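These notes concern the structure reproduced below.
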Amino acid sequence: MSAPDFAPPPSGTTLANGRRDVGAAESVLHEPTGPTIPLNRLAPEAALRRLELTVVRRLEGFLQGDHLGLLPGPGTDLNDARVYVPGEDDVRRMDWAVTARTTIPHVRDTMADRELEVWALLDATPSMNWGTAGVTKRDLGIAAIATLGFISQKMGDRFGGLVMHSDSVRRFPARSGRQALYGLLGRLLDDPIEKDNQAATVGLAEGIEALIRTQRRRGMRLVVSDFLMPGDEVLDPNSPPEWERPLRRLAVRNQVLCVEVVDAGEVEFPDVGELLIRDPETDFARYVNTSDPRARKMIDGASQAQRNRIAVAMRRAGVGHIRLRTDRDWVADIARFVLTYRRTAAVLHTPPQGVSK
């Protein structure tokens, strides 16, 4: 899978009127007014057909699907053997090995094959509405939802979404089928972009709580965010962020995958002279001389410590974690993650003691 085929559209191209299009980097200077990526470029289906997102948690449901159920029923996965009841059990399910050992007729039950219900929570607060590469962090989050949605969806599976703003959480119902998934992605792209410095009454912890309240059956949950909270200056990995406890509760009954979206400017601070650093969610603003190597080193070190704290919190919560950057090919990064995830998912998502798998 080559990066040029699926990478975000390059910035810095020249328009017909002679002006230079700087792409998503314009969001650093001005608030974006629309998406920076069209619907047809969110995820190339042809590149995803051979990928499959591993589901290791047993599911509840009422429809026939392709995933392991929680209760016995018609399916392909064998369960326990029990004594044959004449007139009620099908003789074609007779377990001849157990019958031979015990000299008493036994039948083998199967676990029901159920449908998968996937819910995605998209952080659409102002800290996600910018980027210095091909796309903004918000649109990269939608692209991640699209890619993971195409990988995880099979026959009968349903996909729903929640969009978290600073003052509310908007819910889109779960529906089945590729067209329904495309419809959800279109609504996510068309969702109004929030203005900077809005009064925040809903944080990521409240957004995850809303995701917990919407769940009716076990399934897969995606949390897409930069996991940066306004005013949170703690860098100690032993100090849990406020969203860790709700995330741990969400992972008790569900298989949870967190997508951390970052921009290249957050990981490696650029050398562009003196500029104004401003937080779109608070009133923080300060001039920084980025040509000073010591200043860049301090900022990069604080950013790295911040990312390490986020990664440690996710490991404690027992959730899957993938980090995507706006300047990289997100499809290739997700493909590499999925191939590794097949080997680690069963251990990573082991439910707490006393909770059914």
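Residues are named by chain letter and number: chains run A, B, ... in the order of the structure tokens, numbers start at 1 in each chain, and ligands are numbered from 1 in the order shown.
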_as a ChimeraX atom specification, please: the residues near segment 290-295 of chain A (cut-off 7 Å, only C-alpha atoms, same-chain neighbours under 5 positions excluded)._
/A:270-274
*asked:* Can you tell me, as a PyMOL selection string, which residues in segment 114-300 of chain A count as strand (DSSP E or B) by DSSP?
replied: chain A and resi 114+117-123+158-164+169-176+220-225+255-262+274-278+285-289
*Point-to-point distance in Å for atom CA of Gly219 of chain A and atom CA of Pro351 of chain A*: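 Interatomic distance, atom CA of Pro351 of chain A to atom CA of Gly219 of chain A: 13.2 Å.
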*Residue neighbourhood Ala305 of chain A, 12 Å, only C-alpha atoms, exclusion window fewer than 2 positions, as a list in words*: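 Contacts, in chain order: Glu233, Val234, Leu235, Asp236, Pro237, Asn238, Glu266, Val267, Met298, Ile299, Asp300, Gly301, Ala302, Ser303, Arg307, Asn308, Arg309, Ile310, Ala311 and Val312 of chain A.
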Residues from the last selection, N, CA, C and O atoms, saved as a compact mmCIF listing (two decimals), in the first residue's frame:
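Dumped to out33.txt:
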# COMPACT_ATOMS: atom_id res chain seq x y z
N GLU A 233 -3.02 21.26 32.39
CA GLU A 233 -1.58 21.43 32.24
C GLU A 233 -0.77 20.32 32.92
O GLU A 233 0.44 20.41 33.00
N VAL A 234 -1.46 19.28 33.41
CA VAL A 234 -0.78 18.20 34.12
C VAL A 234 -0.03 17.33 33.12
O VAL A 234 -0.58 16.95 32.07
N LEU A 235 1.23 17.01 33.43
CA LEU A 235 2.05 16.16 32.57
C LEU A 235 2.43 14.84 33.23
O LEU A 235 3.01 13.97 32.58
N ASP A 236 2.10 14.68 34.50
CA ASP A 236 2.46 13.47 35.23
C ASP A 236 1.61 12.30 34.74
O ASP A 236 0.38 12.34 34.85
N PRO A 237 2.21 11.22 34.22
CA PRO A 237 1.41 10.09 33.74
C PRO A 237 0.67 9.36 34.85
O PRO A 237 -0.30 8.63 34.57
N ASN A 238 1.08 9.54 36.10
CA ASN A 238 0.40 8.90 37.22
C ASN A 238 -0.85 9.66 37.65
O ASN A 238 -1.58 9.17 38.51
N GLU A 266 2.06 20.00 16.46
CA GLU A 266 1.99 19.70 17.89
C GLU A 266 3.10 18.76 18.33
O GLU A 266 3.49 18.76 19.50
N VAL A 267 3.61 17.96 17.41
CA VAL A 267 4.64 16.98 17.76
C VAL A 267 6.03 17.58 17.62
O VAL A 267 6.89 17.40 18.49
N MET A 298 11.79 22.85 24.77
CA MET A 298 10.88 22.81 25.93
C MET A 298 9.45 22.50 25.49
O MET A 298 8.75 21.71 26.13
N ILE A 299 9.03 23.13 24.39
CA ILE A 299 7.66 22.89 23.91
C ILE A 299 7.50 21.45 23.43
O ILE A 299 6.50 20.78 23.75
N ASP A 300 8.48 20.95 22.67
CA ASP A 300 8.42 19.56 22.19
C ASP A 300 8.44 18.58 23.35
O ASP A 300 7.75 17.55 23.32
N GLY A 301 9.23 18.88 24.38
CA GLY A 301 9.29 17.99 25.55
C GLY A 301 7.97 17.95 26.29
O GLY A 301 7.51 16.88 26.71
N ALA A 302 7.33 19.12 26.45
CA ALA A 302 6.02 19.15 27.11
C ALA A 302 4.97 18.42 26.29
O ALA A 302 4.12 17.70 26.84
N SER A 303 5.03 18.58 24.97
CA SER A 303 4.08 17.89 24.10
C SER A 303 4.26 16.37 24.19
O SER A 303 3.29 15.61 24.25
N ARG A 307 1.55 13.55 25.44
CA ARG A 307 1.13 12.38 24.67
C ARG A 307 1.39 11.09 25.44
O ARG A 307 0.61 10.14 25.36
N ASN A 308 2.48 11.03 26.18
CA ASN A 308 2.77 9.84 26.98
C ASN A 308 1.71 9.65 28.06
O ASN A 308 1.30 8.52 28.35
N ARG A 309 1.27 10.75 28.67
CA ARG A 309 0.22 10.66 29.70
C ARG A 309 -1.07 10.11 29.10
O ARG A 309 -1.76 9.28 29.72
N ILE A 310 -1.40 10.55 27.88
CA ILE A 310 -2.61 10.05 27.23
C ILE A 310 -2.48 8.56 26.94
O ILE A 310 -3.42 7.78 27.18
N ALA A 311 -1.32 8.13 26.44
CA ALA A 311 -1.12 6.71 26.12
C ALA A 311 -1.18 5.85 27.37
O ALA A 311 -1.77 4.75 27.35
N VAL A 312 -0.60 6.31 28.47
CA VAL A 312 -0.62 5.55 29.71
C VAL A 312 -2.05 5.41 30.23
O VAL A 312 -2.47 4.35 30.70
_Separation of atom CA of Gly320 of chain A from atom CA of Leu348 of chain A in Å_ =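 Taking atom CA of Leu348 of chain A as the start and atom CA of Gly320 of chain A as the end point, the length is 7.1 Å.
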Residues near segment 101-109 of chain A, anyone? I mean within 6 Å using only C-alpha atoms, not counting same-chain ones fewer than 3 positions away, as an mmCIF file with C-alpha atoms, in the first residue's frame.
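Generated output (out-v5.cif):
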data_model
loop_
_atom_site.group_PDB
_atom_site.id
_atom_site.type_symbol
_atom_site.label_atom_id
_atom_site.label_comp_id
_atom_site.auth_asym_id
_atom_site.auth_seq_id
_atom_site.Cartn_x
_atom_site.Cartn_y
_atom_site.Cartn_z
ATOM 1 C CA ASN A 79 -20.506 -24.475 23.128
ATOM 2 C CA ASP A 80 -21.075 -27.011 25.928
ATOM 3 C CA ALA A 81 -22.494 -30.514 25.523
ATOM 4 C CA ARG A 82 -25.686 -31.548 27.335
ATOM 5 C CA VAL A 83 -27.956 -34.564 27.610
ATOM 6 C CA TYR A 84 -30.106 -35.249 24.559
ATOM 7 C CA ARG A 93 -26.382 -31.978 16.636
ATOM 8 C CA MET A 94 -25.512 -35.205 18.413
ATOM 9 C CA ASP A 95 -22.000 -35.157 19.971
ATOM 10 C CA VAL A 98 -19.247 -37.449 24.470
#
*Measuring atom to atom with only C-alpha atoms, identify which of A:Gly186, A:Pro230, A:Gly203, A:Gly141 is nearest to Leu324 of chain A.*
A:Gly141
*Name the closest residue to Leu228 of chain A among the candidates A:Asp167, A:Leu211, A:Pro126, A:Asn40; distances are taken between atoms, counting only C-alpha atoms.*
A:Pro126
